[in-house]
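To be precise, the following lines are work-v3.txt, and they hold compact mmCIF, C-alpha atoms.
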```txt
# COMPACT_ATOMS: atom_id res chain seq x y z
CA MET T 1 84.71 122.93 167.47
CA ASP T 2 88.31 121.87 167.98
CA LYS T 3 91.20 121.94 165.49
CA ILE T 4 90.95 120.30 162.08
CA GLU T 5 93.35 117.82 160.50
CA VAL T 6 94.09 117.05 156.87
CA LYS T 7 94.51 113.29 156.46
CA PHE T 8 96.65 111.75 153.70
CA LEU T 9 95.30 108.22 153.40
CA SER T 10 95.93 106.29 150.21
CA GLU T 11 95.16 102.73 151.35
CA ARG T 12 91.84 101.36 152.46
CA LYS T 13 93.35 99.87 155.61
CA GLU T 14 94.49 103.34 156.71
CA VAL T 15 90.98 104.74 156.18
CA GLU T 16 89.45 101.85 158.13
CA GLU T 17 91.71 102.59 161.09
CA GLU T 18 90.73 106.27 161.03
CA LEU T 19 87.03 105.42 160.89
CA LYS T 20 87.42 103.02 163.83
CA LYS T 21 89.06 105.78 165.88
CA ILE T 22 85.99 107.93 165.30
CA GLY T 23 83.80 105.09 166.56
CA CYS T 24 81.99 104.09 163.35
CA SER T 25 80.11 100.81 163.30
CA LYS T 26 81.65 97.80 161.61
CA ARG T 27 79.22 98.16 158.71
CA GLY T 28 79.90 101.90 158.52
CA VAL T 29 83.65 101.28 158.31
CA GLU T 30 83.12 98.84 155.45
CA ILE T 31 80.88 101.20 153.47
CA MET T 32 82.69 104.49 154.05
CA SER T 33 86.22 103.16 153.56
CA ARG T 34 85.27 102.36 149.97
CA LYS T 35 83.98 105.88 149.45
CA ALA T 36 87.22 107.41 150.73
CA ILE T 37 89.62 105.72 148.30
CA THR T 38 89.84 106.93 144.71
CA ARG T 39 91.58 104.79 142.12
CA LEU T 40 92.65 106.12 138.73
CA ILE T 41 92.57 103.53 135.96
CA LYS T 42 94.01 104.27 132.52
CA VAL T 43 92.51 102.52 129.52
CA ARG T 44 94.59 102.69 126.33
CA ASN T 45 93.45 102.97 122.70
CA LEU T 46 89.71 102.90 123.30
CA ASP T 47 87.22 103.25 120.47
CA PRO T 48 85.82 106.84 120.63
CA ARG T 49 82.24 105.52 120.83
CA ALA T 50 83.19 103.30 123.77
CA ALA T 51 85.08 106.19 125.37
CA SER T 52 82.02 108.42 125.13
CA ILE T 53 79.77 105.79 126.74
CA LEU T 54 82.38 105.14 129.43
CA LYS T 55 82.53 108.83 130.32
CA GLN T 56 78.76 109.08 130.59
CA GLU T 57 78.55 106.00 132.81
CA CYS T 58 81.34 107.36 135.02
CA LEU T 59 79.46 110.63 135.44
CA ALA T 60 76.27 108.71 136.21
CA VAL T 61 77.84 107.02 139.24
CA GLY T 62 79.47 110.22 140.50
CA GLY T 63 82.91 109.67 139.00
CA ASP T 64 84.45 111.04 135.81
CA ALA T 65 86.64 110.06 132.89
CA ALA T 66 89.19 112.12 130.99
CA LEU T 67 89.68 111.52 127.26
CA ALA T 68 91.21 113.31 124.27
CA TRP T 69 89.26 116.53 123.61
CA ASP T 70 88.70 115.78 119.92
CA SER T 71 87.85 112.08 120.25
CA ILE T 72 84.10 112.68 120.59
CA SER T 73 83.96 114.44 117.21
CA SER T 74 86.00 111.71 115.53
CA ASN T 75 84.71 108.28 114.64
CA SER T 76 88.17 106.89 113.91
CA ARG T 77 90.61 108.44 116.41
CA LYS T 78 91.15 106.10 119.33
CA THR T 79 91.81 107.67 122.71
CA ASP T 80 93.28 106.83 126.06
CA VAL T 81 90.85 107.27 128.95
CA LEU T 82 91.62 108.01 132.60
CA ILE T 83 88.81 106.76 134.84
CA ILE T 84 88.39 108.62 138.13
CA ALA T 85 86.20 106.76 140.63
CA THR T 86 86.07 105.52 144.22
CA LEU T 87 86.10 101.90 145.32
CA ALA T 88 82.40 102.34 146.14
CA GLN T 89 81.61 103.62 142.64
CA TYR T 90 83.52 100.98 140.65
CA PRO T 91 81.16 98.01 141.31
CA ILE T 92 78.17 100.06 140.11
CA LEU T 93 80.11 101.33 137.09
CA LEU T 94 81.31 97.85 136.11
CA ASN T 95 77.81 96.38 136.29
CA LYS T 96 76.59 99.12 133.96
CA LEU T 97 79.48 98.54 131.52
CA LYS T 98 78.59 94.85 131.29
CA GLU T 99 75.43 95.90 129.44
CA GLN T 100 77.23 98.13 126.94
CA PRO T 101 78.61 97.48 123.40
CA PHE T 102 82.04 98.21 121.85
CA SER T 103 84.00 95.76 124.04
CA LEU T 104 83.00 97.58 127.25
CA LYS T 105 81.76 94.30 128.75
CA LYS T 106 85.25 92.81 128.29
CA LEU T 107 86.78 95.98 129.70
CA SER T 108 84.59 95.72 132.81
CA TYR T 109 86.04 92.29 133.62
CA GLU T 110 89.60 93.53 133.05
CA ILE T 111 89.04 96.46 135.43
CA GLU T 112 87.45 94.13 137.97
CA LYS T 113 90.49 91.84 137.85
CA ALA T 114 92.89 94.80 138.12
CA LEU T 115 91.13 96.17 141.19
CA MET T 116 91.15 92.75 142.83
CA ASN T 117 94.91 92.52 142.30
CA ILE T 118 95.58 96.06 143.53
CA GLU T 119 93.33 95.88 146.59
CA GLY T 120 93.78 92.20 147.43
CA TYR T 121 96.53 90.34 149.25
CA LEU T 122 99.15 88.12 147.70
CA PRO T 123 98.76 84.50 148.81
CA LYS T 124 101.24 82.90 151.19
CA VAL T 125 103.64 80.55 149.45
CA LYS T 126 106.10 77.91 150.59
CA ILE T 127 109.40 77.75 148.75
CA ALA T 128 111.77 74.95 149.73
CA GLY T 129 109.85 74.58 152.98
CA LYS T 130 110.05 78.28 153.91
CA GLU T 131 106.86 80.33 154.18
CA PHE T 132 106.68 83.71 152.44
CA ASP T 133 103.84 85.95 153.63
CA PHE T 134 104.04 89.19 151.66
CA ARG T 135 101.34 90.80 153.82
CA LYS T 136 103.68 90.91 156.79
CA ARG T 137 107.19 91.75 155.63
CA THR T 138 109.69 92.42 152.87
CA TYR T 139 112.03 89.60 151.86
CA ILE T 140 115.75 89.80 151.10
CA MET T 141 117.46 88.03 148.20
CA GLY T 142 121.22 87.89 148.68
CA ILE T 143 123.39 87.98 145.54
CA LEU T 144 126.05 85.30 145.19
CA ASN T 145 128.07 85.85 142.04
CA VAL T 146 130.41 83.07 140.89
CA THR T 147 131.78 84.95 137.91
CA PRO T 148 135.20 86.42 137.11
CA ASP T 149 133.61 89.68 135.84
CA SER T 150 130.87 90.39 138.37
CA PHE T 151 129.18 93.76 137.90
CA SER T 152 130.10 94.76 141.43
CA GLY T 153 133.49 93.09 141.66
CA ASP T 154 132.53 90.56 144.33
CA GLY T 155 132.39 87.36 142.27
CA ILE T 156 133.65 84.23 143.96
CA TYR T 157 135.17 82.40 141.04
CA LYS T 158 135.95 78.64 141.08
CA ASN T 159 135.84 78.41 144.88
CA PRO T 160 132.66 76.69 146.15
CA GLU T 161 133.93 76.72 149.74
CA LEU T 162 134.27 80.51 149.78
CA ALA T 163 130.88 80.84 148.07
CA VAL T 164 129.25 78.70 150.75
CA GLU T 165 130.86 80.74 153.52
CA LYS T 166 129.61 83.96 151.96
CA ALA T 167 126.11 82.53 151.57
CA LYS T 168 126.04 81.36 155.18
CA ARG T 169 127.07 84.85 156.26
CA MET T 170 124.30 86.41 154.19
CA VAL T 171 121.71 84.05 155.69
CA ALA T 172 122.93 84.95 159.18
CA GLU T 173 122.54 88.62 158.25
CA GLY T 174 118.94 88.16 157.14
CA ALA T 175 118.86 86.79 153.58
CA ASP T 176 115.68 84.83 152.81
CA ILE T 177 116.85 83.62 149.38
CA ILE T 178 120.33 83.12 147.90
CA ASP T 179 120.57 83.97 144.20
CA VAL T 180 123.43 82.18 142.45
CA GLY T 181 124.71 83.62 139.18
CA GLY T 182 127.34 82.12 136.90
CA GLU T 183 127.19 84.59 134.02
CA SER T 184 127.56 88.35 134.39
CA SER T 185 124.65 90.41 133.09
CA ARG T 186 126.33 93.77 133.53
CA PRO T 187 126.06 96.12 130.54
CA PHE T 188 128.20 95.11 127.53
CA SER T 189 129.20 91.80 129.14
CA LYS T 190 129.88 88.84 126.86
CA ARG T 191 127.88 85.62 126.84
CA ILE T 192 129.35 82.29 127.92
CA SER T 193 128.40 78.73 127.02
CA ALA T 194 125.96 76.66 129.04
CA GLU T 195 128.78 74.21 129.81
CA GLU T 196 130.95 76.93 131.34
CA GLU T 197 128.03 78.34 133.32
CA LEU T 198 127.17 74.89 134.67
CA GLU T 199 130.77 74.36 135.76
CA ARG T 200 130.54 77.53 137.82
CA VAL T 201 127.12 77.17 139.47
CA ILE T 202 126.37 73.47 140.01
CA PRO T 203 129.16 72.75 142.54
CA VAL T 204 128.11 75.84 144.48
CA ILE T 205 124.41 74.97 144.51
CA GLU T 206 125.13 71.39 145.58
CA GLU T 207 127.22 72.63 148.51
CA LEU T 208 124.74 75.35 149.44
CA ARG T 209 121.92 72.83 149.66
CA LYS T 210 123.90 70.98 152.34
CA HIS T 211 124.66 74.05 154.44
CA ILE T 212 121.79 76.57 154.24
CA ASP T 213 118.06 76.19 154.85
CA VAL T 214 116.73 79.03 152.69
CA PRO T 215 115.60 78.72 149.05
CA ILE T 216 118.24 78.89 146.35
CA SER T 217 117.62 80.81 143.15
CA ILE T 218 119.52 80.28 139.90
CA ASP T 219 120.12 83.46 137.93
CA THR T 220 120.09 82.18 134.34
CA TYR T 221 118.23 82.48 131.05
CA LYS T 222 119.48 79.14 129.68
CA PRO T 223 116.99 76.23 130.00
CA GLU T 224 119.75 73.62 130.26
CA VAL T 225 121.39 75.50 133.14
CA ALA T 226 118.04 75.96 134.90
CA GLU T 227 117.30 72.24 134.53
CA GLU T 228 120.55 71.10 136.15
CA ALA T 229 120.42 73.81 138.81
CA ILE T 230 116.96 72.69 139.91
CA LYS T 231 118.16 69.10 140.06
CA ALA T 232 121.09 70.27 142.20
CA GLY T 233 118.80 72.05 144.67
CA ALA T 234 117.57 75.39 143.28
CA SER T 235 113.89 76.18 143.78
CA ILE T 236 113.60 79.46 141.83
CA VAL T 237 114.65 80.40 138.30
CA ASN T 238 115.57 84.08 138.06
CA ASP T 239 115.30 84.68 134.32
CA ILE T 240 116.53 88.01 132.93
CA PHE T 241 115.06 87.08 129.54
CA GLY T 242 111.60 86.60 131.08
CA LEU T 243 110.89 83.09 129.69
CA ARG T 244 111.67 84.15 126.11
CA LYS T 245 114.27 81.43 125.54
CA GLU T 246 112.77 78.33 123.97
CA GLY T 247 112.38 75.52 126.49
CA MET T 248 112.65 77.60 129.68
CA VAL T 249 108.93 77.65 130.43
CA ASP T 250 108.84 73.85 130.04
CA VAL T 251 111.73 73.40 132.50
CA VAL T 252 110.09 75.57 135.15
CA SER T 253 106.67 73.96 134.68
CA ARG T 254 107.95 70.39 134.63
CA HIS T 255 109.98 70.78 137.81
CA LYS T 256 107.28 72.81 139.61
CA ALA T 257 109.82 75.53 140.25
CA TYR T 258 109.14 79.19 141.02
CA VAL T 259 110.11 81.76 138.42
CA ILE T 260 111.05 85.44 138.37
CA ILE T 261 110.06 87.00 135.05
CA MET T 262 112.21 90.05 134.36
CA HIS T 263 111.92 92.74 131.69
CA MET T 264 114.99 93.55 129.61
CA LYS T 265 115.13 95.62 126.45
CA GLY T 266 117.73 94.05 124.17
CA THR T 267 120.52 91.87 125.57
CA PRO T 268 123.31 92.62 128.07
CA GLU T 269 125.63 93.28 125.10
CA ASN T 270 123.46 96.09 123.68
CA MET T 271 120.76 96.98 126.22
CA GLN T 272 122.36 100.27 127.27
CA ILE T 273 122.84 101.61 123.74
CA ASN T 274 120.28 104.42 123.68
CA PRO T 275 117.27 102.61 125.18
CA THR T 276 114.04 104.44 124.27
CA TYR T 277 110.39 104.07 125.29
CA HIS T 278 107.18 105.96 124.56
CA ASP T 279 105.97 105.12 128.09
CA VAL T 280 108.46 103.04 130.06
CA VAL T 281 106.10 101.79 132.79
CA ALA T 282 103.29 100.95 130.37
CA GLU T 283 105.61 99.09 128.01
CA ILE T 284 107.21 97.06 130.79
CA LEU T 285 103.77 96.22 132.20
CA GLU T 286 102.60 95.08 128.76
CA PHE T 287 105.61 92.76 128.42
CA LEU T 288 105.29 91.33 131.94
CA GLU T 289 101.54 90.74 131.54
CA LYS T 290 102.15 88.91 128.28
CA GLN T 291 104.85 86.71 129.82
CA VAL T 292 102.86 86.00 133.00
CA ASN T 293 99.95 84.83 130.84
CA PHE T 294 102.38 82.78 128.72
CA ALA T 295 103.71 81.10 131.88
CA ILE T 296 100.22 80.30 133.18
CA GLU T 297 99.12 78.93 129.80
CA ASN T 298 102.15 76.64 129.85
CA GLY T 299 101.50 75.09 133.24
CA ILE T 300 103.13 77.43 135.75
CA PRO T 301 100.58 78.36 138.46
CA LYS T 302 100.32 82.08 139.12
CA GLU T 303 101.30 81.48 142.75
CA ARG T 304 104.75 80.43 141.50
CA ILE T 305 105.37 83.58 139.45
CA MET T 306 107.21 86.74 140.54
CA ILE T 307 107.91 89.78 138.39
CA ASP T 308 110.88 92.14 138.07
CA PRO T 309 110.74 95.39 136.02
CA GLY T 310 114.47 95.04 135.33
CA ILE T 311 116.15 98.13 136.77
CA GLY T 312 119.24 98.88 134.68
CA PHE T 313 118.42 96.40 131.92
CA GLY T 314 117.88 98.59 128.89
CA LYS T 315 116.90 101.72 130.81
CA THR T 316 118.32 105.20 131.25
CA VAL T 317 118.78 106.81 134.67
CA GLU T 318 115.42 108.58 134.37
CA HIS T 319 113.72 105.36 133.24
CA ASN T 320 114.97 103.61 136.40
CA LEU T 321 113.84 106.46 138.65
CA GLU T 322 110.42 106.51 136.99
CA ILE T 323 110.01 102.76 137.48
CA ILE T 324 110.73 103.12 141.21
CA ARG T 325 108.31 106.06 141.49
CA HIS T 326 105.53 104.07 139.80
CA LEU T 327 106.32 100.62 141.18
CA LYS T 328 102.87 100.26 142.78
CA GLU T 329 101.36 100.14 139.31
CA PHE T 330 102.95 96.71 138.80
CA LYS T 331 100.64 95.33 141.52
CA ILE T 332 97.97 95.20 138.81
CA LEU T 333 99.45 91.84 137.71
CA GLY T 334 98.82 90.23 141.11
CA CYS T 335 102.35 88.82 141.46
CA PRO T 336 105.06 89.51 144.06
CA ILE T 337 107.36 92.29 142.85
CA LEU T 338 111.13 91.84 143.02
CA ILE T 339 113.41 94.83 142.55
CA GLY T 340 117.16 94.84 141.95
CA VAL T 341 118.76 98.25 142.49
CA SER T 342 121.85 97.23 144.43
CA ARG T 343 125.01 99.18 143.46
CA LYS T 344 123.67 99.83 139.95
CA SER T 345 125.00 102.48 137.61
CA PHE T 346 121.98 104.80 137.87
CA ILE T 347 122.91 105.30 141.53
CA GLY T 348 126.50 106.00 140.53
CA LYS T 349 125.38 108.55 137.95
CA VAL T 350 123.04 110.40 140.33
CA LEU T 351 125.63 110.53 143.13
CA ASN T 352 128.74 110.53 140.91
CA LEU T 353 130.17 107.59 142.84
CA ASP T 354 132.09 104.45 141.97
CA VAL T 355 130.44 101.06 142.51
CA SER T 356 132.26 100.54 145.83
CA GLU T 357 130.65 103.69 147.27
CA ARG T 358 127.01 103.14 146.38
CA LEU T 359 125.70 101.64 149.63
CA GLU T 360 123.79 104.73 150.82
CA GLY T 361 122.30 105.26 147.36
CA THR T 362 121.28 101.61 147.27
CA LEU T 363 119.60 101.88 150.67
CA ALA T 364 117.66 104.97 149.54
CA ALA T 365 116.52 103.25 146.34
CA VAL T 366 115.55 100.10 148.28
CA ALA T 367 113.55 102.16 150.79
CA ALA T 368 111.68 103.99 148.02
CA SER T 369 111.01 100.70 146.23
CA VAL T 370 109.64 98.99 149.35
CA LEU T 371 107.37 101.94 150.17
CA ASN T 372 106.14 101.79 146.58
CA GLY T 373 105.29 98.10 146.60
CA ALA T 374 108.41 95.91 146.31
CA ASN T 375 108.00 92.55 148.05
CA ILE T 376 111.53 91.21 147.52
CA VAL T 377 114.76 93.19 147.22
CA ARG T 378 117.81 91.69 145.52
CA VAL T 379 120.95 93.05 147.19
CA HIS T 380 124.68 92.60 147.78
CA ASP T 381 124.86 94.15 151.27
CA VAL T 382 122.42 91.97 153.16
CA LYS T 383 122.94 93.21 156.72
CA GLU T 384 122.37 96.88 155.93
CA ASN T 385 119.41 96.23 153.63
CA PHE T 386 117.82 93.82 156.09
CA ARG T 387 117.89 96.51 158.77
CA VAL T 388 116.40 99.10 156.43
CA CYS T 389 113.61 96.74 155.39
CA LYS T 390 112.87 95.67 158.95
CA MET T 391 112.46 99.32 159.95
CA LEU T 392 110.28 100.01 156.92
CA ASP T 393 108.11 96.99 157.70
CA ALA T 394 107.61 98.26 161.27
CA ILE T 395 106.47 101.61 159.86
CA ARG T 396 104.15 99.97 157.32
CA PHE T 397 102.75 97.02 159.26
CA GLY T 398 103.34 97.94 162.90
CA PHE T 399 105.77 96.65 165.49
CA ALA T 400 105.05 93.92 168.02
CA GLU T 401 107.50 93.90 170.95
```
Write-out of the structure in structure tokens:
Amino acid sequence: MDKIEVKFLSERKEVEEELKKIGCSKRGVEIMSRKAITRLIKVRNLDPRAASILKQECLAVGGDAALAWDSISSNSRKTDVLIIATLAQYPILLNKLKEQPFSLKKLSYEIEKALMNIEGYLPKVKIAGKEFDFRKRTYIMGILNVTPDSFSGDGIYKNPELAVEKAKRMVAEGADIIDVGGESSRPFSKRISAEEELERVIPVIEELRKHIDVPISIDTYKPEVAEEAIKAGASIVNDIFGLRKEGMVDVVSRHKAYVIIMHMKGTPENMQINPTYHDVVAEILEFLEKQVNFAIENGIPKERIMIDPGIGFGKTVEHNLEIIRHLKEFKILGCPILIGVSRKSFIGKVLNLDVSERLEGTLAAVAASVLNGANIVRVHDVKENFRVCKMLDAIRFGFAE
């Protein structure tokens, strides 16, 4: 007997590689890789009778389920349940649940869908002629603010030529998307009219379309601004209100645009006034799931939807850190995940640094986000973030010389 090793493998692909090294057969790799990966699934507010049946069925397949200790003795107290099972056990469990009462059949299909989203691959998409394959790399969205009160002080106000030069520089440095914003969404910022926002963004988008070959995103929550921006050349609507403004879903659907659905608690004017959550990740997931379904029901194909948990939009420092730690959980929705941490105040508070000194903190937050499932990062400093993401992608996906 030689030395032993303890392996920390959380993804099925990693287990498959380890089994191949041992020399397992192709069929053996397929079977045993499922046995090696455990997935915890939390079910909220389950009827105690359903919870009891669920626990017994989990035990029957070799898994387990945790529930409130007093829920079995109560016929009225609903309970959360944490299912503990391997990828090999889930198919057997779900088939058994399909034969059970108390909405367990419906639950089985929801778990099945969740596992498919978590374990599956996002489809390739083409945006403005550019292919995005999220299985191979992380993508960079460069921020182009055309506001007089930009959160980070880099707005290019009333100067389309300078804006185009900056965008061209960002593309040269590795930006895959340019996100144009005409209204500041920093905390406590004031709203502007659609007319004023259009005056700022449309000339820039029209010029960008002539000079860059990457997709353009319009950062707006106003349907009338989104409409004109798409006509001017934007392919993506980056909506901080998450399609809650009347008419926005129709604009995106009608023009066959892509959309980023973001979570925000409150509005920029009040979002940072004591934001509170019972469970920040669960509540954001609930909102995003609702809005993704709303988008699909109103004619936006799922392949055109991206999600953003909204770092800094109605969250405390600890909320933001918790979202980054648990970012993988957002994969349950089966949409590309965009994260925007660049230069934000939670970094400044952790490091006690002014906005102009937050590059290293941004890079650390971006790295953690990418390792936890982010597919697109929205940043000011493209060159530095591109290099970080390229290195991370080599670590995650391998490097071909």
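Candidate residues T:Pro187, T:Arg77, T:Leu243, T:Arg396 were compared for distance to Glu11 in chain T, and the nearest is T:Arg396, using all atoms listed in the file.
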Sort by chain and increasing residue number a table of all residues of range 151-250 of chain T within 12 Å of range 131-143 of chain T, each with its closest pair of atoms and their distance in Å to one decimal, counting all atoms listed in the file, and write it as CSV.
```
residue,atom,partner,partner_atom,distance
T:Phe151,CA,T:Ile143,CA,11.2
T:Ser152,CA,T:Ile143,CA,10.4
T:Gly153,CA,T:Ile143,CA,12.0
T:Asp154,CA,T:Ile143,CA,9.6
T:Gly155,CA,T:Ile143,CA,9.6
T:Ile156,CA,T:Ile143,CA,11.0
T:Ala163,CA,T:Ile143,CA,10.7
T:Lys166,CA,T:Ile143,CA,9.8
T:Ala167,CA,T:Gly142,CA,7.8
T:Lys168,CA,T:Gly142,CA,10.4
T:Arg169,CA,T:Gly142,CA,10.0
T:Met170,CA,T:Gly142,CA,6.5
T:Val171,CA,T:Gly142,CA,8.0
T:Ala172,CA,T:Gly142,CA,11.0
T:Glu173,CA,T:Gly142,CA,9.7
T:Gly174,CA,T:Ile140,CA,7.0
T:Ala175,CA,T:Ile140,CA,5.0
T:Asp176,CA,T:Ile140,CA,5.3
T:Ile177,CA,T:Met141,CA,4.6
T:Ile178,CA,T:Gly142,CA,4.9
T:Asp179,CA,T:Ile143,CA,5.1
T:Val180,CA,T:Ile143,CA,6.6
T:Gly181,CA,T:Ile143,CA,7.8
T:Gly182,CA,T:Ile143,CA,11.2
T:Ser184,CA,T:Ile143,CA,11.9
T:Asp213,CA,T:Glu131,CA,12.0
T:Val214,CA,T:Glu131,CA,10.1
T:Pro215,CA,T:Met141,CA,9.5
T:Ile216,CA,T:Met141,CA,9.4
T:Ser217,CA,T:Met141,CA,8.8
T:Ile218,CA,T:Ile143,CA,10.3
T:Asp219,CA,T:Ile143,CA,9.4
T:Ile236,CA,T:Met141,CA,11.4
T:Asn238,CA,T:Met141,CA,11.0
```
Using 6 Å as the limit and counting all atoms listed in the file, can you tabulate each residue of range 7-46 of chain T that touches range 81-105 of chain T, with its shortest atom-to-atom distance in Å and the two atoms involved, as JSON lines?
```
{"residue": "T:Arg34", "atom": "CA", "partner": "T:Leu87", "partner_atom": "CA", "distance": 4.7}
{"residue": "T:Lys35", "atom": "CA", "partner": "T:Ala88", "partner_atom": "CA", "distance": 5.1}
{"residue": "T:Ile37", "atom": "CA", "partner": "T:Thr86", "partner_atom": "CA", "distance": 5.4}
{"residue": "T:Thr38", "atom": "CA", "partner": "T:Thr86", "partner_atom": "CA", "distance": 4.1}
{"residue": "T:Arg39", "atom": "CA", "partner": "T:Ala85", "partner_atom": "CA", "distance": 5.9}
{"residue": "T:Leu40", "atom": "CA", "partner": "T:Ile84", "partner_atom": "CA", "distance": 5.0}
{"residue": "T:Ile41", "atom": "CA", "partner": "T:Ile83", "partner_atom": "CA", "distance": 5.1}
{"residue": "T:Lys42", "atom": "CA", "partner": "T:Leu82", "partner_atom": "CA", "distance": 4.4}
{"residue": "T:Val43", "atom": "CA", "partner": "T:Val81", "partner_atom": "CA", "distance": 5.1}
```
Original post:
How far is it from CA of Glu5 in chain T to CA of Ala394 in chain T, in Å with one decimal?
Top reply: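 Computing the Euclidean distance for CA of Glu5 in chain T and CA of Ala394 in chain T yields 24.2 Å.
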**OP:** Show which residues sit within 9 Å of Val388 in chain T, as an NGL selection string. Count all atoms listed in the file, and ignore same-chain residues fewer than 5 positions away.
**Re:** :T and (363 or 366-367 or 383 or 393)
Where atoms are lacking, range 238-259 of chain T completed to N, CA and C atoms, as an mmCIF file, keeping the file's coordinate frame:
```cif
data_model
loop_
_atom_site.group_PDB
_atom_site.id
_atom_site.type_symbol
_atom_site.label_atom_id
_atom_site.label_comp_id
_atom_site.auth_asym_id
_atom_site.auth_seq_id
_atom_site.Cartn_x
_atom_site.Cartn_y
_atom_site.Cartn_z
ATOM 1 N N ASN T 238 115.568 82.632 138.218
ATOM 2 C CA ASN T 238 115.570 84.080 138.060
ATOM 3 C C ASN T 238 116.022 84.388 136.637
ATOM 4 N N ASP T 239 115.041 84.648 135.761
ATOM 5 C CA ASP T 239 115.300 84.680 134.320
ATOM 6 C C ASP T 239 115.278 86.113 133.780
ATOM 7 N N ILE T 240 116.455 86.646 133.440
ATOM 8 C CA ILE T 240 116.530 88.010 132.930
ATOM 9 C C ILE T 240 115.897 88.148 131.551
ATOM 10 N N PHE T 241 115.709 87.039 130.846
ATOM 11 C CA PHE T 241 115.060 87.080 129.540
ATOM 12 C C PHE T 241 113.543 86.872 129.646
ATOM 13 N N GLY T 242 113.052 86.671 130.864
ATOM 14 C CA GLY T 242 111.600 86.600 131.080
ATOM 15 C C GLY T 242 110.892 85.494 130.324
ATOM 16 N N LEU T 243 111.477 84.287 130.323
ATOM 17 C CA LEU T 243 110.890 83.090 129.690
ATOM 18 C C LEU T 243 110.833 83.190 128.167
ATOM 19 N N ARG T 244 111.682 84.021 127.575
ATOM 20 C CA ARG T 244 111.670 84.150 126.110
ATOM 21 C C ARG T 244 112.528 83.093 125.417
ATOM 22 N N LYS T 245 113.433 82.462 126.158
ATOM 23 C CA LYS T 245 114.270 81.430 125.540
ATOM 24 C C LYS T 245 113.475 80.129 125.410
ATOM 25 N N GLU T 246 113.530 79.545 124.225
ATOM 26 C CA GLU T 246 112.770 78.330 123.970
ATOM 27 C C GLU T 246 113.162 77.220 124.955
ATOM 28 N N GLY T 247 112.160 76.623 125.573
ATOM 29 C CA GLY T 247 112.380 75.520 126.490
ATOM 30 C C GLY T 247 112.381 75.915 127.952
ATOM 31 N N MET T 248 112.562 77.202 128.273
ATOM 32 C CA MET T 248 112.650 77.600 129.680
ATOM 33 C C MET T 248 111.318 77.402 130.408
ATOM 34 N N VAL T 249 110.229 77.793 129.774
ATOM 35 C CA VAL T 249 108.930 77.650 130.430
ATOM 36 C C VAL T 249 108.631 76.187 130.722
ATOM 37 N N ASP T 250 109.053 75.292 129.840
ATOM 38 C CA ASP T 250 108.840 73.850 130.040
ATOM 39 C C ASP T 250 109.641 73.346 131.237
ATOM 40 N N VAL T 251 110.888 73.813 131.372
ATOM 41 C CA VAL T 251 111.730 73.400 132.500
ATOM 42 C C VAL T 251 111.092 73.809 133.823
ATOM 43 N N VAL T 252 110.678 75.054 133.899
ATOM 44 C CA VAL T 252 110.090 75.570 135.150
ATOM 45 C C VAL T 252 108.802 74.831 135.472
ATOM 46 N N SER T 253 107.952 74.643 134.471
ATOM 47 C CA SER T 253 106.670 73.960 134.680
ATOM 48 C C SER T 253 106.862 72.513 135.099
ATOM 49 N N ARG T 254 107.731 71.818 134.383
ATOM 50 C CA ARG T 254 107.950 70.390 134.630
ATOM 51 C C ARG T 254 108.491 70.125 136.027
ATOM 52 N N HIS T 255 109.364 70.987 136.496
ATOM 53 C CA HIS T 255 109.980 70.780 137.810
ATOM 54 C C HIS T 255 109.215 71.463 138.947
ATOM 55 N N LYS T 256 108.086 72.106 138.600
ATOM 56 C CA LYS T 256 107.280 72.810 139.610
ATOM 57 C C LYS T 256 108.114 73.835 140.385
ATOM 58 N N ALA T 257 108.976 74.501 139.646
ATOM 59 C CA ALA T 257 109.820 75.530 140.250
ATOM 60 C C ALA T 257 109.070 76.865 140.282
ATOM 61 N N TYR T 258 109.607 77.796 141.045
ATOM 62 C CA TYR T 258 109.140 79.190 141.020
ATOM 63 C C TYR T 258 109.959 79.933 139.973
ATOM 64 N N VAL T 259 109.396 81.024 139.456
ATOM 65 C CA VAL T 259 110.110 81.760 138.420
ATOM 66 C C VAL T 259 109.984 83.266 138.649
#
```
